[in-house]
Structures are given as C-alpha cells and as structure tokens.
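Worksheet for the structure shown next.
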Amino acid sequence: MFSSLELTLLLLGSAVLGVVAFRMLHLPPMLGYLAVGILIGPHALGLAEENEASHTLAEFGVVFLMFSIGLEFSLAKLMAMRRIVFGLGMAQVGLTIAATMLFGWAIATQLPASVHLGWQASFALGGALAMSSTAIVSKMLTERLELESPHGRKIIGILLFQDLAVVPLLILIPSLSQNPDDLLQTLALASGKAVIVLVLLLFFGQKLVRGWFTIVVKRRSQELFMLNLLLITLGAAWITERAGLSLALGAFVAGMLISETEYKHQVEEDIKPFRDVLLGLFFITVGMLLNVRLVLENWWLVLILLCGPVLLKFALIAGLTKLFGASDGVSMRTGLALAQAGEFGFVLLNLAGGMRLMDPFVIQVVLASMVLSMLLAPFIIAKSDQIVMKVSSNEWMMQSLALTKIASRTMATQKHVIVAGFGRSGQSLATLLSEEKIDYHALDLDPERVQEAQTAGANVSYGDAGRRESLVAAGIYRASAVVITYTSTPSALRVLQLVHELAPTLPVIVRAHDDTDLDRLKAAGAAEVVPELLEGSLMLASHALVMLGVPLRRVVHRVQAAREERYASLRGFFHGASDVGEEADMVRLHSVTLDGKAACVGRQLKEVDVAGAGAEVTTIRRGKGRLELTPETLFEAGDVVVLRGAAEAVNRAETRLLRS
C-alpha cells in the first residue's frame with residue numbers, strides 16, 4: 001500500500017513517461033494520461049489502487065477544469081453565437097440524452113437481472129455521451145487553422161453549450177440517486193440551493209472579488225497573487241459543497257467572477273500549470289477505473305458501444321447542422337469533429353458511479369468505449385477532408401468551384417499582390433494598392449465579409465491562404481508579393497512554409513502584434529515583419545518630434561534607422577502592475593540598483609554572464625550620466641543597471657548581478 005507521497009510520485013512519473021510517448025506519436029497528452037492510468041491501475045499492473053488520495057487528486061483536477069471553463073465564460077460571446085450555442089448546441093445535447101434514454105428503455109428488458117439500467121442511469125449516461133472533447137477538438141482546429149472556418153464556428157458553439165450544460169447536470173445527477181418518491185422535492189431543493197448560492201456569489205461576490213483583487217495586486221507580489229487565486233477558487237468550491245452541491249460548480253462560479261475583471265488574462269496564465277497537472281492526474285485516475293480483463297471478455301459489447309454512440313452523434317450533429325442551414329460539407333465536418341466522447345463525459349460518468357446510479361459493469365464497458373473513441377478522434381479529424389470529399393460529391397464540386405472561382409478571378413492578372421486576410425488591415429492595404437493601380441487578390445475565411453466585399457467590387461475570394469490549393473488558385477506563380485495581414489504567428493508560419501515550397505523567391509510581408517516572434521518569422525522566410533505595436537510607437541514619436549520642431553529629414557532618418565536595426569532600441573518596456581495578460585509575457589526592461597554588497601561590483605561586464613541568463617544589459621546609469629557599454633565596463637556601487645529580456649531571464653540576470 002503506497003503512502004500519499006509515494007502514490008503522487010508514481011502518478012507524476014507515469015504521467016511524464018506517458019505524455020512523452022504520446023507527444024512523440026503527435027497525439028494529445030490527455031490520451032497519454034488515460035493510457036497510463038489503464039496500465040498502472042488495479043485491473044492491469046496493479047501498481048496503483050483507488051483510494052482517498054487518488055480521489056482527492058481527481059477532485060482537484062475537476063475543480064480547476066471547471067474554473068477554466070468559467071474563466072472562458074463570456075456573456076458577449078454567448079450573445080454573438082446565441083443561434084449556434086442555444087439552438088444547435090442545446091438541440092444536440094437534448095436529443096443525445098433523449099435518444100440514450102429511449103435506447104435504455106428499449107433494452108432494459110433484454111438485460112440480465114443483475115444489470116439494472118433505470119431511467120436515472122440512462123439520463124446520466126446520455127449526459128456523459130452528449131459531451132465531446134473540448135481539449136482534443138480545439139487543439140486540432142487550432143493546428144489546422146480552422147477555428148474561424150464555417151464548420152469551426154459551429155463546432156466551437158456546440159462545445160460551448162456542452163460546457164455550460166455540465167453545470168445543471170452536476171446538480172441533477174446527484175439528485176437522481178435519492179428516493180424516487182422524493183425526487184421532485186430533492187430536485188426543487190437542489191435547484192433552490194443552486195439559485196441562492198449563485199445569486200449570492202454572482203451579485204455580491206462580483207464587487208467583493210474585484211475590490212479584493214485590486215488590493216492584492218497593489219502589493220505587487222506574484223506569490224500573493226497566486227495564493228489569493230487558489231483561495232478564491234477553492235473557497236467558492238467549498239461554499240457550494242457545504243450547500244450540498246458539487247465542488248466543480250463553485251469553481252465554475254469563481255471562474256465566472258474573475259472573467260469579468262481586468263485580471264482575467266493574468267489568472268489564465270497563472271492557473272494553467274496547476275490546471276494541466278491536476279487535470280492530467282484526474283485522467284490517470286479515470287484510466288485506473290478501466291477493467292481491461294472485463295473489457296476483453298466483452299469486446300463485442302465495447303465495439304457496439306463505440307460504434308453506436310459515435311455514429312449516432314455524427315448523424316445527429318450533421319443532421320442538425322444541415323437543418324440549421326449549413327452545407328453538406330460543413331455539416332459532415334462538424335459531425336466528424338464532435339462524434340467522440342469528451343472529458344466532461346468522464347466527470348459525469350464518475351459522478352453517476354459514485355452515486356450508484358449505474359451498474360459497475362455498464363460503467364466499465366461505457367468507459368472503455370469512450371476512451372477508444374477519444375483515441376480515434378485525432379485521426380478522424382485529421383482525415384475529415386478526405387472523408388467528406390469521398391462521401392459527398394456535392395462537397396467535392398463546391399470545393400472545386402471555390403478554387404475555380406479564385407483561379408478565374410486571378411487568371412488575367414500578373415505581378416499582383418496576394419493578400420492573406422481581408423480584415424481591417426487587409427482592406428486598408430487593398431485600398432492603397434488600388435489607388436496606386438497595383439492589382440491584388442485577397443483570401444479570407446469569413447463568408448459574410450467576402451460576400452459584402454465582393455458585392456462592393458473588391459477582389460476577394462473565400463479561401464484559406466494556409467492551403468496549397470488556394471495559393472496556387474490565387475496565382476502565386478504570377479504574383480509579385482504576399483502580404484499576411486493578420487497577427488497569428490502559427491498561421492503565418494504555415495503560409496511562409498507553403499510560399500517557400502511553391503515560389504521560393506516571392507517576398508512575403510508579415511504583420512505581427514509585437515516583436516516577440518520577429519526573429520522566428522524572419523528565420524521562416526519573411527522578407528519584412530511589421531510589429532504593429534512598435535510601428536504605432538514610431539508613428540506617434542515621429543508626429544510628436546515634427547510638431548516639436550525637429551526637422552522632418554532627421555525624423556525620417558531616425559524611423560528608418562529603427563527599422564533597419566529590427567527595432568532593437570525599441571524592444572522591451574518597463575512593466576507596471578497594470579500590465580497583465582499578453583503584455584505580461586512580452587520582453588521587459590528592469591532597473592537594478594547596485595549597492596556595496598552586490599556581487600558584480602568591481603567586476604567587468606564580460607565577467608558577469610548576463611547573456612547566459614537569457615537577458616542583456618542595455619544601459620548603465622552612473623550618477624546623472626550613462627556609460628558607453630563595452631565588455632570591459634566595470635560595475636560600481638550606486639550604478640543603475642537596466643536589463644532587457646523575458647520575465648524569467650531578467651530575474652535570473654538580476655540574481656547574477658546581486659548574488660553570484
């Protein structure tokens with residue numbers, strides 16, 4: 001019997017090995033956790049057993065998963081996608097539960113007397129099967145650059161409703177385990193408690209959380225910020241548990257409260273390591289539940305439960321998506337992406353098992369089928385285009401027609417510019433190119449925008465610049481340049497790779513948010529990278545200098561010099577308490593004052609390996625002047641050293657200056 005520490009070490013060690021193996025196979029880490037759990041569990045090698053410690057780790061994993069979902073909750077986002085979320089998403093979850101309950105009722109009389117499958121169990125099972133894997137699907141869509149595609153939006157909308165549907169299911173399923181005669185009373189009591197707790201937390205908690213976070217942030221302590229975050233998350237979970245509800249519900253509410261504050265992005269980054277580690281341990285404990293021998297003895301039943309729900313969900317989701325006005329291709333891609341089981345399915349299945357709503361045998365075979373469906377999901381999504389093309393001749397025709405339309409629009413053009421993305425920046429570029437009588441052709445994945453712009457006479461087509469076929473149809477072999485007008489580095493790298501393969505000498509200009517990925521994009525073949533934050537700063541400074549009487553020629557020279565040195569003098573800035581989210585991760589400047597005890601005093605700049613820490617010294621201020629930096633520059637007490645680099649690199653460099 002392992003102690004809590006020994007069990008934790010075993011789980012962590014196994015998790016590392018499992019994730020490394022699955023990463024090498026280019027599969028999601030979640031599947032590695034499940035496989036490890038199956039392998040070390042009591043039903044296989046028997047290295048780990050289900051006990052209080054493993055259940056506690058699993059509960060914490062679910063708590064932080066629900067907290068992350070709450071953090072992503074946005075009323076504005078829901079309203080923008082309300083037709084997909086509350087129309088398509090609600091129909092999918094509701095009909096999946098109804099179909100499962102109907103199937104459970106139909107086979108109830110055919111099951112052995114030892115296997116009981118009441119309507120409560122069928123309801124819980126339907127809720128579990130209705131879920132799809134947000135982690136796997138969103139990761140695959142991101143890698144394939146399909147988040148903004150028509151099927152991508154529908155997939156994300158349905159996943160959003162599935163995540164929201166978990167909240168009422170977490171309240172309903174425990175209530176179903178009560179005495180059937182008291183079911184209505186139990187449901188009413190649970191709902192009443194939920195409403196009271198939610199009202200108290202959301203209405204009174206909102207002001208309290210915002211005010212308290214402001215107090216904590218002003219202390220400027222990362223450690224205090226993290227402690228406060230854990231306190232609020234676990235405190236809200238404790239409140240809902242004491243009210244007779246689930247820990248996960250409280251964590252979800254805590255995430256919702258923080259999502260409405262300006263600290264949301266910082267919290268997302270800080271909570272991520274805890275969430276990912278604990279969630280990984282949760283999936284290991286789920287894998288430990290699987291009885292491999294029982295599954296092998298009933299492989300035919302597992303196969304039926306694998307194929308049945310996957311085909312049902314595919315047909316149901318594809319049919320509903322078609323009913324909501326999508327094309328055959330979009331409907332089928334949406335169905336294929338969401339046909340598998342999901343992480344919340346395990347949460348609900350675990351909950352139903354803990355409440356003894358379901359026979360252990362049923363849980364085992366369903367669990368096995370869910371794990372297998374998730375193992376198959378990445379392969380199905382990766383091959384979805386080929387599957388749709390083979391099954392739907394209409395989709396093949398539509399894809400061919402789309403490429404033909406692009407080709408026909410660009411066939412007569414020579415030396416034109418291919419504009420990837422036709423948002424605000426792309427449209428501004430198109431306007432300037434037109435005024436200079438330079439031909440262009442834009443590719444964009446927003447069908448409404450493309451339709452509007454085409455009607456107005458713009459040279460834009462629906463197409464993905466990250467696909468080889470689209471670039472060829474857009475006339476890449478005859479083009480004079482490609483301009484990527486959106487700020488997604490992964491997508492830009494994909495386009496750069498394709499351009500390098502198809503037309504190696506064609507210049508590509510890339511828009512970037514800041515200078516974080518400037519060197520990476522340059523190395524990938526970008527002729528120019530335009531970091532909008534730094535360019536905005538340059539324009540602001542140039543206008544100010546001209547208005548202050550600096551000659552225009554000198555201003556232009558300074559701007560050109562900054563660009564030629566790749567914005568080196570402008571990289572990094574002094575961070576403050578208000579810099580959270582994306583800006584908190586950017587290159588920063590940090591001042592270090594050297595007192596007489598600093599280890600670097602009396603030593604030369606080259607002797608203190610600041611570069612080895614990943615940072616650089618940009619300035620040394622001595623008194624009222626600044627020193628000209630050379631490798632032989634000596635540090636003296638009272639010097640102010642300005643460091644530049646990422647947050648961790650700057651901290652390491654400061655340590656080397658002061659203590660080593």
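In the structure tokens, the first chain shown is A, the next is B, and so on; residue numbers restart at 1 for each chain, and ligands run from 1 in the order shown.
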Spatial neighbours of Val617 (chain A), max dist 9 Å, only C-alpha atoms, sep filter under 6 positions, as a ChimeraX atom specification: /A:605,610-611,629,641-644
Exercise: Tyr477 (chain A) partners within 9 Å, only C-alpha atoms, chain neighbours under 5 positions left out, as a PyMOL selection string: chain A and resi 471-472+502-503+506
Given the selection you just returned, output its residues as a file containing N, CA and C atoms, formatted as a compact mmCIF listing (two decimals), in the first residue's frame.
# COMPACT_ATOMS: atom_id res chain seq x y z
N LEU A 471 -3.50 28.97 -52.61
CA LEU A 471 -2.42 29.85 -53.07
C LEU A 471 -2.15 29.66 -54.57
N VAL A 472 -2.20 28.40 -55.01
CA VAL A 472 -2.00 28.14 -56.45
C VAL A 472 -3.12 28.77 -57.26
N LEU A 502 6.40 26.69 -52.90
CA LEU A 502 5.81 26.95 -54.22
C LEU A 502 6.58 28.00 -55.01
N ALA A 503 6.97 29.08 -54.34
CA ALA A 503 7.67 30.20 -55.02
C ALA A 503 8.73 30.76 -54.08
N LEU A 506 9.56 34.55 -53.88
CA LEU A 506 8.48 35.52 -53.71
C LEU A 506 8.57 36.18 -52.33
Using only C-alpha atoms, the shortest atom-to-atom distance to Val19 (chain A) among A:Leu169, A:Leu117, A:Ile476, A:Gly280 belongs to A:Gly280
For region 414-423 of chain A, work out the shell of residues within 6 Å, counting only C-alpha atoms and skipping chain neighbours fewer than 4 positions away, then give it as a ChimeraX atom specification. /A:427,439-444,465,478-485
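If you measure from each of A:Ile304, A:Ala237, A:Val365, A:Val529 to Ala254 (chain A) using only C-alpha atoms, the closest one turns out to be A:Ala237.
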Quick one: everything within 10 Å of Glu59 (chain A), counting only C-alpha atoms, minus sequence neighbours fewer than 3 positions away in the same chain. Send it as a list of chain:residue names. A:Ala53, A:Ser54, A:His55, A:Thr56, A:Val62, A:Val63, A:Phe64, A:Leu65, A:Leu247, A:Ala248, A:Leu278, A:Leu279, A:Leu281, A:Phe282, A:Val347
Output all heavy atoms for every residue in the selection just made, as a compact mmCIF listing (two decimals), in the first residue's frame.
# COMPACT_ATOMS: atom_id res chain seq x y z
N ALA A 53 -6.52 9.26 -1.48
CA ALA A 53 -5.57 10.21 -2.08
C ALA A 53 -5.83 10.40 -3.57
O ALA A 53 -5.83 11.53 -4.08
CB ALA A 53 -4.13 9.71 -1.86
N SER A 54 -6.07 9.28 -4.29
CA SER A 54 -6.31 9.39 -5.74
C SER A 54 -7.61 10.12 -6.03
O SER A 54 -7.70 10.91 -6.97
CB SER A 54 -6.31 8.00 -6.38
OG SER A 54 -7.38 7.22 -5.90
N HIS A 55 -8.64 9.88 -5.20
CA HIS A 55 -9.92 10.57 -5.39
C HIS A 55 -9.78 12.07 -5.13
O HIS A 55 -10.40 12.89 -5.81
CB HIS A 55 -10.99 9.97 -4.49
CG HIS A 55 -11.55 8.68 -5.00
ND1 HIS A 55 -12.26 8.60 -6.19
CD2 HIS A 55 -11.49 7.42 -4.53
CE1 HIS A 55 -12.63 7.34 -6.42
NE2 HIS A 55 -12.16 6.60 -5.43
N THR A 56 -8.96 12.43 -4.14
CA THR A 56 -8.74 13.85 -3.84
C THR A 56 -8.06 14.55 -5.00
O THR A 56 -8.45 15.66 -5.40
CB THR A 56 -7.88 13.99 -2.56
OG1 THR A 56 -8.55 13.35 -1.48
CG2 THR A 56 -7.67 15.47 -2.22
N VAL A 62 -10.86 18.21 -11.49
CA VAL A 62 -12.16 18.64 -11.99
C VAL A 62 -12.44 20.09 -11.58
O VAL A 62 -12.98 20.89 -12.35
CB VAL A 62 -13.28 17.71 -11.48
CG1 VAL A 62 -14.64 18.22 -11.91
CG2 VAL A 62 -13.07 16.30 -11.99
N VAL A 63 -12.05 20.43 -10.34
CA VAL A 63 -12.26 21.80 -9.84
C VAL A 63 -11.57 22.81 -10.75
O VAL A 63 -12.16 23.81 -11.17
CB VAL A 63 -11.73 21.93 -8.38
CG1 VAL A 63 -11.53 23.39 -8.01
CG2 VAL A 63 -12.72 21.29 -7.42
N PHE A 64 -10.32 22.57 -11.09
CA PHE A 64 -9.59 23.54 -11.92
C PHE A 64 -10.03 23.50 -13.38
O PHE A 64 -9.93 24.50 -14.08
CB PHE A 64 -8.08 23.30 -11.78
CG PHE A 64 -7.52 23.84 -10.50
CD1 PHE A 64 -7.25 23.00 -9.45
CD2 PHE A 64 -7.31 25.20 -10.34
CE1 PHE A 64 -6.76 23.49 -8.24
CE2 PHE A 64 -6.82 25.71 -9.14
CZ PHE A 64 -6.55 24.85 -8.09
N LEU A 65 -10.53 22.36 -13.84
CA LEU A 65 -11.11 22.30 -15.19
C LEU A 65 -12.35 23.18 -15.26
O LEU A 65 -12.51 23.99 -16.18
CB LEU A 65 -11.46 20.86 -15.55
CG LEU A 65 -12.18 20.65 -16.89
CD1 LEU A 65 -11.31 21.14 -18.05
CD2 LEU A 65 -12.54 19.19 -17.10
N LEU A 247 -18.36 20.50 -5.76
CA LEU A 247 -17.17 21.36 -5.74
C LEU A 247 -16.98 22.06 -7.08
O LEU A 247 -16.63 23.23 -7.14
CB LEU A 247 -15.92 20.51 -5.45
CG LEU A 247 -15.71 19.98 -4.04
CD1 LEU A 247 -14.62 18.91 -4.06
CD2 LEU A 247 -15.31 21.09 -3.09
N ALA A 248 -17.23 21.32 -8.17
CA ALA A 248 -16.99 21.84 -9.52
C ALA A 248 -17.86 23.05 -9.82
O ALA A 248 -17.43 23.98 -10.51
CB ALA A 248 -17.24 20.74 -10.55
N LEU A 278 -3.08 18.87 -12.51
CA LEU A 278 -4.14 18.20 -11.77
C LEU A 278 -5.13 17.51 -12.71
O LEU A 278 -5.65 16.44 -12.40
CB LEU A 278 -4.86 19.20 -10.87
CG LEU A 278 -4.02 19.70 -9.69
CD1 LEU A 278 -4.71 20.87 -8.99
CD2 LEU A 278 -3.77 18.58 -8.69
N LEU A 279 -5.38 18.14 -13.85
CA LEU A 279 -6.28 17.53 -14.82
C LEU A 279 -5.67 16.25 -15.38
O LEU A 279 -6.37 15.25 -15.59
CB LEU A 279 -6.58 18.51 -15.95
CG LEU A 279 -7.76 18.19 -16.86
CD1 LEU A 279 -9.03 17.99 -16.05
CD2 LEU A 279 -7.95 19.27 -17.89
N LEU A 281 -3.64 14.27 -13.76
CA LEU A 281 -3.80 13.27 -12.71
C LEU A 281 -5.24 12.75 -12.66
O LEU A 281 -5.48 11.57 -12.37
CB LEU A 281 -3.37 13.85 -11.36
CG LEU A 281 -1.89 14.23 -11.25
CD1 LEU A 281 -1.60 14.83 -9.89
CD2 LEU A 281 -0.99 13.03 -11.49
N PHE A 282 -6.20 13.65 -12.93
CA PHE A 282 -7.61 13.22 -12.97
C PHE A 282 -7.82 12.17 -14.06
O PHE A 282 -8.45 11.13 -13.84
CB PHE A 282 -8.52 14.41 -13.21
CG PHE A 282 -9.91 14.03 -13.66
CD1 PHE A 282 -10.80 13.43 -12.79
CD2 PHE A 282 -10.31 14.25 -14.98
CE1 PHE A 282 -12.07 13.06 -13.21
CE2 PHE A 282 -11.57 13.89 -15.40
CZ PHE A 282 -12.46 13.29 -14.51
N VAL A 347 -16.26 12.98 -16.17
CA VAL A 347 -16.68 13.62 -14.91
C VAL A 347 -18.09 13.16 -14.54
O VAL A 347 -18.36 12.76 -13.39
CB VAL A 347 -16.64 15.16 -15.03
CG1 VAL A 347 -17.19 15.82 -13.77
CG2 VAL A 347 -15.21 15.63 -15.29
Can you list, as number ranges by chain, every protein, DNA or RNA residue that comes within 10 Å of Leu521 (chain A) when you count only C-alpha atoms, leaving out same-chain residues fewer than 6 positions away? A: 489-490, 492-493, 496, 509-512, 515, 527-529
